Amino acid sequence: MYRTRLLDHVILLIGVFIMVAPVVVAFMTSTHEAADIHRNGLSLTWGGYFTETYNTVLTRKGGFTGEITGARMIWNSLILGIGFAAGKIILSMLAAYAIVYFRFKLGTLFFWMIFTTLLLPLEVRILPSYEVMNKLSLTNTYTGLIVPLLASATGTFYFRQFFKSVPEELLEAARIDGAGPFKFFIDILVPLSRTMIAAIFIIMFVYGWNQYLWPTLMTTDERFFTLVRGIKQILLVWVGSNIPDYNEAFALAILAMLPPVMIVMIFQRWFIKGLTESDK
Amino acid sequence: MKRVQFSSPYLPYLFIAPQMAIIFVFFYWPSVQAIQSSFYLEDPFGFGSTFVGLSNYSDALGSVQYQSIARFTLLFTVLVTFLSLGIGMLLAVKADAVLKGSSTYKTLLIWVYAIAPPVAGLMGMMFFDQHIGPLVKLAAFFGWDMKVGLNYNDTAIAMIIVSVWKQIPYNFIFILSGLQGIPVSIREAAAIDCRSGMRRFWTMTLPLLAPTAFFLLIINMTYSLFDTFGVIDVMVKDKAANNPITLVYKVYMDGFRGNDLGGSSAQSVILMIVVFVLTIFQFRFIERRVHYN
């Protein structure tokens with residue numbers, strides 16, 4: 001029915017080139033020496049300094065206080081990504097369970113209060129949020145890094161949508177068999193939601209790992225820096241040096257994108273499912 | 001909701017309590033504070049604050065700098081939205097049309113989604129670097145002396161390119177899944193009726209994609225307004241003075257660099273209103289789509 005034309009492939013190949021080439025160049029350049037890059041510009045060939053550069057970036061103590069290593073920043077990023085994703089799933093599953101499966105007086109009010117959080121992204125209330133965190137003395141803690149990001153309703157809506165599509169008969173059957181609310185949730189609803197949980201975990205992990213503005217505000221202590229948050233600091237340290245460490249900057253960029261990119265590529269099917277269904 | 005439900009006097013409250021607690025402390029409290037402090041002038045040395053009514057708002061809206069930033073934000077938003085939507089749509093239509101290699105193209109085209117905006121900004125900085133940047137060399141080849149970070153327009157162009165690049169995969173994913181949702185029967189009927197692929201796109205595909213495209217329009221606008229913060233922050237390198245910035249960046253600058261709590265809050269509230277209107281549009285539209293389905 002459809003004839004594939006050459007032009008289609010040409011357009012797609014140009015698209016792939018535009019999306020992929022910068023990342024390949026960044027990786028290849030990161031394997032060269034800084035002086036080499038300074039002289040010859042970015043590179044498309046293997047430079048042979050892979051181990052040296054990445055070893056330095058991961059283990060050298062840097063920053064202003066000399067306390068932070070790349071490995072430590074990766075660790076912090078993992079804590080933020082996993083903590084955020086897990087927290088989001090637990091909170092939103094419980095809340096959605098209450099909203100869908102229980103009849104209670106304040107249910108509708110709560111639903112609208114949760115719904116409202118979708119209207120205002122964190123970016124428009126950064127300063128007051130920061131003040132609140134100061135009052136609670138949560139700056140420079142993992143709690144302060146993760147918990148405030150959970151205050152949005154995306155996950156709750158996602159699970160609400162999903163729970164509503166679960167057949168009614170399941171609950172009827174479960175009740176006849178004498179299952180209470182806890183048993184129904186753990187033995188029936190959670191196993192049924194496995195794919196959904198996986199999909200939302202991937203989306204939320206990428207989202208958490210990639211957070212920038214909030215970690216920038218919340219962490220001034222370098223021990224709590226995530227990779228993405230540390231990038232700005234690295235740029236600032238450069239200013240003034242004769243030959244900027246282009247190789248190390250690229251290496252950090254590669255490290256900062258590697259985990260989320262790998263997850264998106266490996267779990268592509270779940271990722272697309274989660275993305276296109278949760279954002280509706 | 002469900003026909004059959006549990007009834008328990010306290011369990012639902014127990015289940016919903018964690019979510020509500022977090023929303024109260026980290027959403028409602030700061031939001032109310034933002035609105036409240038937008039009416040006050042904070043003493044810079046911490047000696048209390050004075051009620052000044054709407055003057056923070058009039059100061060912001062009346063300032064020439066704010067107006068020029070607002071104009072740039074508008075231009076930036078329009079360009080990023082339409083370019084990333086257009087390129088994403090072109091690639092999705094083509095990826096849907098080819099028979100061979102479709103899934104390989106898909107994988108290669110979506111992975112940039114996972115790159116954080118400041119990381120994309122950092123890569124942009126390198127590609128537009130005065131000394132080593134290949135894109136600056138390319139521009140020089142056409143006689144264009146590009147000075148990203150120094151020249152207002154050049155920085156703006158670099159920021160737009162990086163922001164569009166980062167957003168293409170998102171649009172691609174959604175439009176492709178929208179395209180694959182078009183029933184084969186409709187496609188076949190269209191193919192019989194109309195031989196021109198171009199015309200088929202305008203008369204059949206695009207109208208069917210309209211709901212997805214409209215949804216993406218709003219998402220892209222919020223992306224350009226808020227999520228590009230990381231790109232901008234990395235690319236202007238704290239030298240915001242003669243570089244283009246967006247309204248969100250100005251909220252951040254005034255609040256954290258300028259310590260102007262009232263002014264920054266007033267700007268926050270103005271942005272809240274913008275987002276509010278955008279979101280209402282989006283929900284109304286989604287409601288309609290659900291209705292017709």
# chains A, B, ... in the order shown; residues from 1 in each chain; ligands from 1

$ interface_residues --of "chain B" --to "chain A" --cutoff "6 Å" --atoms "only C-alpha atoms" --output "ChimeraX atom specification"
/B:1,5-7,12,15-16,19,22-23,26,30,34,94,98,109,111,114-116,119,132,268,276

$ write_last_selection --atoms "N, CA and C atoms" --output "PDB file, in the first residue's frame"
ATOM      1  N   MET B   1     -16.291   6.880  39.966  1.00  0.00           N
ATOM      2  CA  MET B   1     -15.739   5.983  40.986  1.00  0.00           C
ATOM      3  C   MET B   1     -16.374   4.598  40.880  1.00  0.00           C
ATOM      4  N   GLN B   5     -17.556  -0.270  46.814  1.00  0.00           N
ATOM      5  CA  GLN B   5     -16.446   0.374  47.502  1.00  0.00           C
ATOM      6  C   GLN B   5     -16.337  -0.149  48.918  1.00  0.00           C
ATOM      7  N   PHE B   6     -15.182   0.023  49.476  1.00  0.00           N
ATOM      8  CA  PHE B   6     -15.036  -0.282  50.896  1.00  0.00           C
ATOM      9  C   PHE B   6     -15.647   0.857  51.681  1.00  0.00           C
ATOM     10  N   SER B   7     -16.191   0.549  52.832  1.00  0.00           N
ATOM     11  CA  SER B   7     -16.557   1.663  53.697  1.00  0.00           C
ATOM     12  C   SER B   7     -15.855   1.446  55.025  1.00  0.00           C
ATOM     13  N   PRO B  12      -9.478   5.298  54.650  1.00  0.00           N
ATOM     14  CA  PRO B  12      -9.139   6.175  53.522  1.00  0.00           C
ATOM     15  C   PRO B  12      -8.306   7.371  53.954  1.00  0.00           C
ATOM     16  N   PHE B  15      -4.776   6.289  54.250  1.00  0.00           N
ATOM     17  CA  PHE B  15      -4.091   6.083  52.972  1.00  0.00           C
ATOM     18  C   PHE B  15      -3.739   7.400  52.283  1.00  0.00           C
ATOM     19  N   ILE B  16      -4.614   8.374  52.418  1.00  0.00           N
ATOM     20  CA  ILE B  16      -4.410   9.614  51.677  1.00  0.00           C
ATOM     21  C   ILE B  16      -3.573  10.614  52.475  1.00  0.00           C
ATOM     22  N   GLN B  19       0.159  11.790  51.229  1.00  0.00           N
ATOM     23  CA  GLN B  19       0.099  12.683  50.065  1.00  0.00           C
ATOM     24  C   GLN B  19      -0.404  14.076  50.476  1.00  0.00           C
ATOM     25  N   ILE B  22       2.223  16.132  52.467  1.00  0.00           N
ATOM     26  CA  ILE B  22       3.294  16.698  51.636  1.00  0.00           C
ATOM     27  C   ILE B  22       2.767  17.857  50.799  1.00  0.00           C
ATOM     28  N   ILE B  23       1.560  17.689  50.273  1.00  0.00           N
ATOM     29  CA  ILE B  23       0.994  18.769  49.467  1.00  0.00           C
ATOM     30  C   ILE B  23       0.774  20.031  50.301  1.00  0.00           C
ATOM     31  N   PHE B  26       4.451  21.460  51.282  1.00  0.00           N
ATOM     32  CA  PHE B  26       5.344  21.874  50.207  1.00  0.00           C
ATOM     33  C   PHE B  26       4.633  22.471  49.010  1.00  0.00           C
ATOM     34  N   PRO B  30       3.861  27.201  50.656  1.00  0.00           N
ATOM     35  CA  PRO B  30       4.648  28.150  49.855  1.00  0.00           C
ATOM     36  C   PRO B  30       3.817  28.963  48.867  1.00  0.00           C
ATOM     37  N   ALA B  34       3.790  32.930  48.712  1.00  0.00           N
ATOM     38  CA  ALA B  34       4.165  33.700  47.526  1.00  0.00           C
ATOM     39  C   ALA B  34       3.156  34.810  47.285  1.00  0.00           C
ATOM     40  N   LYS B  94       7.515  10.441   9.060  1.00  0.00           N
ATOM     41  CA  LYS B  94       8.414   9.637   8.241  1.00  0.00           C
ATOM     42  C   LYS B  94       8.691   8.286   8.889  1.00  0.00           C
ATOM     43  N   VAL B  98       7.967   4.579   6.897  1.00  0.00           N
ATOM     44  CA  VAL B  98       8.925   3.583   6.401  1.00  0.00           C
ATOM     45  C   VAL B  98       8.595   2.204   6.967  1.00  0.00           C
ATOM     46  N   LEU B 109      15.957   8.100  17.885  1.00  0.00           N
ATOM     47  CA  LEU B 109      15.408   9.451  17.930  1.00  0.00           C
ATOM     48  C   LEU B 109      14.877   9.841  19.309  1.00  0.00           C
ATOM     49  N   TRP B 111      16.224   8.887  22.450  1.00  0.00           N
ATOM     50  CA  TRP B 111      17.070   8.797  23.641  1.00  0.00           C
ATOM     51  C   TRP B 111      17.465  10.158  24.221  1.00  0.00           C
ATOM     52  N   ALA B 114      16.123  11.667  27.552  1.00  0.00           N
ATOM     53  CA  ALA B 114      16.629  11.389  28.896  1.00  0.00           C
ATOM     54  C   ALA B 114      17.746  12.331  29.327  1.00  0.00           C
ATOM     55  N   ILE B 115      18.178  13.235  28.457  1.00  0.00           N
ATOM     56  CA  ILE B 115      19.268  14.146  28.819  1.00  0.00           C
ATOM     57  C   ILE B 115      18.695  15.356  29.553  1.00  0.00           C
ATOM     58  N   ALA B 116      19.280  15.691  30.696  1.00  0.00           N
ATOM     59  CA  ALA B 116      18.782  16.812  31.491  1.00  0.00           C
ATOM     60  C   ALA B 116      19.055  18.133  30.780  1.00  0.00           C
ATOM     61  N   VAL B 119      22.500  19.596  31.188  1.00  0.00           N
ATOM     62  CA  VAL B 119      23.522  18.801  30.496  1.00  0.00           C
ATOM     63  C   VAL B 119      23.495  19.141  29.006  1.00  0.00           C
ATOM     64  N   ILE B 132      36.688  26.216  20.398  1.00  0.00           N
ATOM     65  CA  ILE B 132      36.667  24.862  19.829  1.00  0.00           C
ATOM     66  C   ILE B 132      35.340  24.496  19.165  1.00  0.00           C
ATOM     67  N   SER B 268       6.343  35.785  40.479  1.00  0.00           N
ATOM     68  CA  SER B 268       5.878  34.396  40.581  1.00  0.00           C
ATOM     69  C   SER B 268       4.377  34.334  40.371  1.00  0.00           C
ATOM     70  N   PHE B 276      -1.833  28.998  34.997  1.00  0.00           N
ATOM     71  CA  PHE B 276      -3.201  28.668  35.349  1.00  0.00           C
ATOM     72  C   PHE B 276      -4.088  28.714  34.103  1.00  0.00           C
TER      73      PHE B 276
END

$ residues_around --residues "Ala71 in chain A" --least-positions-apart "6" --cutoff "12 Å" --atoms "only C-alpha atoms" --output "list in words"
Tyr54, Asn55, Thr56, Val57, Leu58, Thr59, Arg60, Lys61, Gly62, Ser77, Leu78, Arg223, Phe224, Phe225, Thr226, Leu227, Gly230, Leu252, Leu255 and Ala256 of chain A

$ select_by_dssp --residues "range 27-149 of chain B" --states "strand (DSSP E)" --output "compact mmCIF listing (two decimals) with N, CA and C atoms, in the first residue's frame"
# COMPACT_ATOMS: atom_id res chain seq x y z
N TYR B 40 3.97 42.72 49.94
CA TYR B 40 4.79 43.35 50.96
C TYR B 40 6.15 43.74 50.41
N LEU B 41 6.73 44.75 51.03
CA LEU B 41 8.10 45.11 50.70
C LEU B 41 8.98 44.66 51.86
N GLU B 42 9.86 43.70 51.57
CA GLU B 42 10.71 43.14 52.63
C GLU B 42 11.89 44.06 52.87
N SER B 49 8.56 43.86 57.40
CA SER B 49 8.14 44.19 56.05
C SER B 49 6.92 45.12 56.10
N THR B 50 6.77 45.90 55.04
CA THR B 50 5.66 46.85 54.99
C THR B 50 4.69 46.44 53.90
N PHE B 51 3.40 46.65 54.18
CA PHE B 51 2.39 46.36 53.18
C PHE B 51 2.43 47.44 52.10

$ residues_around --residues "Asn220 in chain B" --least-positions-apart "5" --cutoff "8 Å" --atoms "only C-alpha atoms" --output "list in words"
Val80, Thr81, Leu85 and Gln167 of chain B

$ residues_around --residues "Asn151 in chain B" --least-positions-apart "2" --cutoff "12 Å" --atoms "only C-alpha atoms" --output "list of chain:residue names"
B:Gln130, B:Asp145, B:Met146, B:Lys147, B:Val148, B:Gly149, B:Asn153, B:Asp154, B:Thr155, B:Ala156, B:Ile157, B:Ala158, B:Val236, B:Lys239, B:Ala240, B:Ala241, B:Asn242, B:Asn243, B:Pro244

$ write_last_selection --atoms "C-alpha atoms" --output "PDB file, in the first residue's frame"
ATOM      1  CA  GLN B 130      34.468  30.535  20.903  1.00  0.00           C
ATOM      2  CA  ASP B 145      30.989  35.879  13.578  1.00  0.00           C
ATOM      3  CA  MET B 146      29.063  34.117  16.317  1.00  0.00           C
ATOM      4  CA  LYS B 147      29.800  35.153  19.903  1.00  0.00           C
ATOM      5  CA  VAL B 148      27.655  33.040  22.204  1.00  0.00           C
ATOM      6  CA  GLY B 149      27.679  34.414  25.724  1.00  0.00           C
ATOM      7  CA  ASN B 153      21.208  37.591  19.540  1.00  0.00           C
ATOM      8  CA  ASP B 154      23.828  34.892  19.134  1.00  0.00           C
ATOM      9  CA  THR B 155      23.215  33.618  22.668  1.00  0.00           C
ATOM     10  CA  ALA B 156      19.471  33.647  22.021  1.00  0.00           C
ATOM     11  CA  ILE B 157      19.897  31.577  18.864  1.00  0.00           C
ATOM     12  CA  ALA B 158      22.162  29.063  20.612  1.00  0.00           C
ATOM     13  CA  VAL B 236      24.430  32.570  30.408  1.00  0.00           C
ATOM     14  CA  LYS B 239      26.303  36.900  33.369  1.00  0.00           C
ATOM     15  CA  ALA B 240      22.648  37.614  32.796  1.00  0.00           C
ATOM     16  CA  ALA B 241      23.243  41.331  32.276  1.00  0.00           C
ATOM     17  CA  ASN B 242      23.556  41.456  28.503  1.00  0.00           C
ATOM     18  CA  ASN B 243      22.260  37.991  27.757  1.00  0.00           C
ATOM     19  CA  PRO B 244      18.703  36.965  26.957  1.00  0.00           C
TER      20      PRO B 244
END

$ atom_distance --atom1 "CA of Arg269 in chain A" --atom2 "CA of Phe214 in chain B"
24.1 Å

$ closest_residue --among "B:Asn259, B:Asn171, B:Thr246, B:Ser8" --to "Leu91 in chain B" --atoms "only C-alpha atoms"
B:Asn171

$ residues_around --residues "Val275 in chain B" --least-positions-apart "3" --cutoff "8 Å" --atoms "only C-alpha atoms" --output "list in words"
Leu119 and Leu120 of chain A; Thr222, Leu271, Met272, Leu278 and Thr279 of chain B

$ select_by_dssp --residues "range 1-194 of chain A" --states "helix (DSSP H, G or I)" --output "count of residues only"
144

$ atom_distance --atom1 "CA of Val269 in chain B" --atom2 "CA of Tyr57 in chain B"
9.1 Å

$ residues_around --residues "Ile270 in chain B" --least-positions-apart "3" --cutoff "12 Å" --atoms "only C-alpha atoms" --output "ChimeraX atom specification"
/A:120,124-125 /B:34-35,38,54,56-58,60-61,66,70,247-248,251,263-267,273-277

$ write_last_selection --atoms "N, CA and C atoms" --output "PDB file, in the first residue's frame"
ATOM      1  N   LEU A 120       0.379  24.445  39.178  1.00  0.00           N
ATOM      2  CA  LEU A 120       1.517  25.322  39.431  1.00  0.00           C
ATOM      3  C   LEU A 120       2.814  24.545  39.572  1.00  0.00           C
ATOM      4  N   VAL A 124       7.459  28.263  39.685  1.00  0.00           N
ATOM      5  CA  VAL A 124       6.832  29.558  39.986  1.00  0.00           C
ATOM      6  C   VAL A 124       6.745  29.817  41.485  1.00  0.00           C
ATOM      7  N   ARG A 125       7.108  28.848  42.303  1.00  0.00           N
ATOM      8  CA  ARG A 125       7.054  29.108  43.742  1.00  0.00           C
ATOM      9  C   ARG A 125       8.377  28.755  44.416  1.00  0.00           C
TER      10      ARG A 125
ATOM     11  N   ALA B  34       3.790  32.930  48.712  1.00  0.00           N
ATOM     12  CA  ALA B  34       4.165  33.700  47.526  1.00  0.00           C
ATOM     13  C   ALA B  34       3.156  34.810  47.285  1.00  0.00           C
ATOM     14  N   ILE B  35       1.873  34.444  47.378  1.00  0.00           N
ATOM     15  CA  ILE B  35       0.838  35.453  47.138  1.00  0.00           C
ATOM     16  C   ILE B  35       0.908  36.532  48.210  1.00  0.00           C
ATOM     17  N   SER B  38       3.905  38.894  47.953  1.00  0.00           N
ATOM     18  CA  SER B  38       3.907  39.756  46.774  1.00  0.00           C
ATOM     19  C   SER B  38       3.268  41.114  47.076  1.00  0.00           C
ATOM     20  N   LEU B  54      -0.373  46.787  45.626  1.00  0.00           N
ATOM     21  CA  LEU B  54      -0.042  46.228  44.322  1.00  0.00           C
ATOM     22  C   LEU B  54       1.249  46.801  43.730  1.00  0.00           C
ATOM     23  N   ASN B  56       4.371  46.133  44.038  1.00  0.00           N
ATOM     24  CA  ASN B  56       5.331  45.164  43.492  1.00  0.00           C
ATOM     25  C   ASN B  56       4.941  44.755  42.077  1.00  0.00           C
ATOM     26  N   TYR B  57       3.627  44.613  41.890  1.00  0.00           N
ATOM     27  CA  TYR B  57       3.132  44.229  40.555  1.00  0.00           C
ATOM     28  C   TYR B  57       3.356  45.352  39.551  1.00  0.00           C
ATOM     29  N   SER B  58       2.996  46.575  39.965  1.00  0.00           N
ATOM     30  CA  SER B  58       3.147  47.673  39.012  1.00  0.00           C
ATOM     31  C   SER B  58       4.626  47.939  38.734  1.00  0.00           C
ATOM     32  N   ALA B  60       6.969  45.679  38.653  1.00  0.00           N
ATOM     33  CA  ALA B  60       7.421  44.643  37.723  1.00  0.00           C
ATOM     34  C   ALA B  60       6.896  44.908  36.319  1.00  0.00           C
ATOM     35  N   LEU B  61       5.570  45.059  36.223  1.00  0.00           N
ATOM     36  CA  LEU B  61       4.970  45.194  34.893  1.00  0.00           C
ATOM     37  C   LEU B  61       5.380  46.499  34.222  1.00  0.00           C
ATOM     38  N   TYR B  66      11.666  44.375  32.551  1.00  0.00           N
ATOM     39  CA  TYR B  66      10.709  43.270  32.643  1.00  0.00           C
ATOM     40  C   TYR B  66       9.977  43.089  31.325  1.00  0.00           C
ATOM     41  N   ALA B  70       9.918  39.866  29.017  1.00  0.00           N
ATOM     42  CA  ALA B  70       8.643  39.227  28.673  1.00  0.00           C
ATOM     43  C   ALA B  70       8.542  39.039  27.164  1.00  0.00           C
ATOM     44  N   LEU B 247      11.390  34.789  31.831  1.00  0.00           N
ATOM     45  CA  LEU B 247      10.744  35.321  33.040  1.00  0.00           C
ATOM     46  C   LEU B 247      11.049  34.481  34.274  1.00  0.00           C
ATOM     47  N   VAL B 248      11.079  33.160  34.111  1.00  0.00           N
ATOM     48  CA  VAL B 248      11.378  32.312  35.267  1.00  0.00           C
ATOM     49  C   VAL B 248      12.783  32.588  35.783  1.00  0.00           C
ATOM     50  N   VAL B 251      12.693  35.628  37.902  1.00  0.00           N
ATOM     51  CA  VAL B 251      12.169  35.353  39.246  1.00  0.00           C
ATOM     52  C   VAL B 251      13.304  34.842  40.134  1.00  0.00           C
ATOM     53  N   GLY B 263       9.289  41.572  45.097  1.00  0.00           N
ATOM     54  CA  GLY B 263       9.284  41.662  43.637  1.00  0.00           C
ATOM     55  C   GLY B 263       9.279  40.296  42.993  1.00  0.00           C
ATOM     56  N   SER B 264      10.124  39.416  43.540  1.00  0.00           N
ATOM     57  CA  SER B 264      10.204  38.070  42.992  1.00  0.00           C
ATOM     58  C   SER B 264       8.872  37.328  43.165  1.00  0.00           C
ATOM     59  N   SER B 265       8.231  37.526  44.326  1.00  0.00           N
ATOM     60  CA  SER B 265       6.950  36.859  44.563  1.00  0.00           C
ATOM     61  C   SER B 265       5.877  37.386  43.621  1.00  0.00           C
ATOM     62  N   ALA B 266       5.872  38.717  43.402  1.00  0.00           N
ATOM     63  CA  ALA B 266       4.885  39.284  42.490  1.00  0.00           C
ATOM     64  C   ALA B 266       5.059  38.680  41.102  1.00  0.00           C
ATOM     65  N   GLN B 267       6.319  38.547  40.663  1.00  0.00           N
ATOM     66  CA  GLN B 267       6.566  37.930  39.360  1.00  0.00           C
ATOM     67  C   GLN B 267       6.126  36.476  39.346  1.00  0.00           C
ATOM     68  N   ILE B 273      -0.461  32.931  37.156  1.00  0.00           N
ATOM     69  CA  ILE B 273      -1.687  33.227  36.407  1.00  0.00           C
ATOM     70  C   ILE B 273      -1.551  32.728  34.971  1.00  0.00           C
ATOM     71  N   VAL B 274      -0.379  32.953  34.372  1.00  0.00           N
ATOM     72  CA  VAL B 274      -0.158  32.479  32.998  1.00  0.00           C
ATOM     73  C   VAL B 274      -0.330  30.959  32.921  1.00  0.00           C
ATOM     74  N   VAL B 275       0.336  30.237  33.847  1.00  0.00           N
ATOM     75  CA  VAL B 275       0.254  28.771  33.834  1.00  0.00           C
ATOM     76  C   VAL B 275      -1.175  28.319  34.091  1.00  0.00           C
ATOM     77  N   PHE B 276      -1.833  28.998  34.997  1.00  0.00           N
ATOM     78  CA  PHE B 276      -3.201  28.668  35.349  1.00  0.00           C
ATOM     79  C   PHE B 276      -4.088  28.714  34.103  1.00  0.00           C
ATOM     80  N   VAL B 277      -3.966  29.804  33.356  1.00  0.00           N
ATOM     81  CA  VAL B 277      -4.782  29.958  32.151  1.00  0.00           C
ATOM     82  C   VAL B 277      -4.456  28.851  31.147  1.00  0.00           C
TER      83      VAL B 277
END

$ decode --residues "range 239-263 of chain B" --atoms "N, CA and C atoms" --output "PDB file, in the first residue's frame"
ATOM      1  N   LYS B 239      26.166  35.552  33.906  1.00  0.00           N
ATOM      2  CA  LYS B 239      26.303  36.900  33.369  1.00  0.00           C
ATOM      3  C   LYS B 239      25.019  37.265  32.629  1.00  0.00           C
ATOM      4  N   ALA B 240      23.949  37.414  33.413  1.00  0.00           N
ATOM      5  CA  ALA B 240      22.648  37.614  32.796  1.00  0.00           C
ATOM      6  C   ALA B 240      22.495  39.026  32.237  1.00  0.00           C
ATOM      7  N   ALA B 241      23.422  39.916  32.592  1.00  0.00           N
ATOM      8  CA  ALA B 241      23.243  41.331  32.276  1.00  0.00           C
ATOM      9  C   ALA B 241      22.937  41.591  30.808  1.00  0.00           C
ATOM     10  N   ASN B 242      23.829  41.162  29.912  1.00  0.00           N
ATOM     11  CA  ASN B 242      23.556  41.456  28.503  1.00  0.00           C
ATOM     12  C   ASN B 242      23.190  40.214  27.717  1.00  0.00           C
ATOM     13  N   ASN B 243      22.692  39.198  28.434  1.00  0.00           N
ATOM     14  CA  ASN B 243      22.260  37.991  27.757  1.00  0.00           C
ATOM     15  C   ASN B 243      20.748  37.851  27.853  1.00  0.00           C
ATOM     16  N   PRO B 244      20.156  37.151  26.897  1.00  0.00           N
ATOM     17  CA  PRO B 244      18.703  36.965  26.957  1.00  0.00           C
ATOM     18  C   PRO B 244      18.332  35.987  28.074  1.00  0.00           C
ATOM     19  N   ILE B 245      17.324  36.336  28.870  1.00  0.00           N
ATOM     20  CA  ILE B 245      16.826  35.398  29.880  1.00  0.00           C
ATOM     21  C   ILE B 245      15.304  35.364  29.808  1.00  0.00           C
ATOM     22  N   THR B 246      14.714  34.327  30.413  1.00  0.00           N
ATOM     23  CA  THR B 246      13.252  34.231  30.405  1.00  0.00           C
ATOM     24  C   THR B 246      12.705  34.699  31.756  1.00  0.00           C
ATOM     25  N   LEU B 247      11.390  34.789  31.831  1.00  0.00           N
ATOM     26  CA  LEU B 247      10.744  35.321  33.040  1.00  0.00           C
ATOM     27  C   LEU B 247      11.049  34.481  34.274  1.00  0.00           C
ATOM     28  N   VAL B 248      11.079  33.160  34.111  1.00  0.00           N
ATOM     29  CA  VAL B 248      11.378  32.312  35.267  1.00  0.00           C
ATOM     30  C   VAL B 248      12.783  32.588  35.783  1.00  0.00           C
ATOM     31  N   TYR B 249      13.706  32.786  34.860  1.00  0.00           N
ATOM     32  CA  TYR B 249      15.066  33.076  35.275  1.00  0.00           C
ATOM     33  C   TYR B 249      15.131  34.395  36.038  1.00  0.00           C
ATOM     34  N   LYS B 250      14.283  35.339  35.626  1.00  0.00           N
ATOM     35  CA  LYS B 250      14.254  36.635  36.321  1.00  0.00           C
ATOM     36  C   LYS B 250      13.702  36.479  37.737  1.00  0.00           C
ATOM     37  N   VAL B 251      12.693  35.628  37.902  1.00  0.00           N
ATOM     38  CA  VAL B 251      12.169  35.353  39.246  1.00  0.00           C
ATOM     39  C   VAL B 251      13.304  34.842  40.134  1.00  0.00           C
ATOM     40  N   TYR B 252      14.061  33.918  39.588  1.00  0.00           N
ATOM     41  CA  TYR B 252      15.178  33.322  40.321  1.00  0.00           C
ATOM     42  C   TYR B 252      16.251  34.367  40.640  1.00  0.00           C
ATOM     43  N   MET B 253      16.611  35.171  39.625  1.00  0.00           N
ATOM     44  CA  MET B 253      17.645  36.199  39.815  1.00  0.00           C
ATOM     45  C   MET B 253      17.244  37.200  40.889  1.00  0.00           C
ATOM     46  N   ASP B 254      16.007  37.709  40.781  1.00  0.00           N
ATOM     47  CA  ASP B 254      15.575  38.727  41.734  1.00  0.00           C
ATOM     48  C   ASP B 254      15.441  38.158  43.140  1.00  0.00           C
ATOM     49  N   GLY B 255      14.994  36.926  43.229  1.00  0.00           N
ATOM     50  CA  GLY B 255      14.774  36.325  44.533  1.00  0.00           C
ATOM     51  C   GLY B 255      16.063  35.904  45.212  1.00  0.00           C
ATOM     52  N   PHE B 256      16.978  35.267  44.462  1.00  0.00           N
ATOM     53  CA  PHE B 256      18.141  34.682  45.103  1.00  0.00           C
ATOM     54  C   PHE B 256      19.407  35.510  44.945  1.00  0.00           C
ATOM     55  N   ARG B 257      19.500  36.268  43.862  1.00  0.00           N
ATOM     56  CA  ARG B 257      20.677  37.133  43.719  1.00  0.00           C
ATOM     57  C   ARG B 257      20.362  38.529  44.242  1.00  0.00           C
ATOM     58  N   GLY B 258      19.165  39.042  43.912  1.00  0.00           N
ATOM     59  CA  GLY B 258      18.836  40.406  44.299  1.00  0.00           C
ATOM     60  C   GLY B 258      18.169  40.519  45.657  1.00  0.00           C
ATOM     61  N   ASN B 259      17.810  39.380  46.276  1.00  0.00           N
ATOM     62  CA  ASN B 259      17.131  39.386  47.572  1.00  0.00           C
ATOM     63  C   ASN B 259      15.885  40.254  47.610  1.00  0.00           C
ATOM     64  N   ASP B 260      15.189  40.334  46.483  1.00  0.00           N
ATOM     65  CA  ASP B 260      13.979  41.137  46.429  1.00  0.00           C
ATOM     66  C   ASP B 260      12.780  40.187  46.545  1.00  0.00           C
ATOM     67  N   LEU B 261      12.428  39.877  47.799  1.00  0.00           N
ATOM     68  CA  LEU B 261      11.395  38.873  48.044  1.00  0.00           C
ATOM     69  C   LEU B 261      10.056  39.285  47.455  1.00  0.00           C
ATOM     70  N   GLY B 262       9.642  40.518  47.733  1.00  0.00           N
ATOM     71  CA  GLY B 262       8.338  40.985  47.263  1.00  0.00           C
ATOM     72  C   GLY B 262       8.261  40.997  45.749  1.00  0.00           C
ATOM     73  N   GLY B 263       9.289  41.572  45.097  1.00  0.00           N
ATOM     74  CA  GLY B 263       9.284  41.662  43.637  1.00  0.00           C
ATOM     75  C   GLY B 263       9.279  40.296  42.993  1.00  0.00           C
TER      76      GLY B 263
END
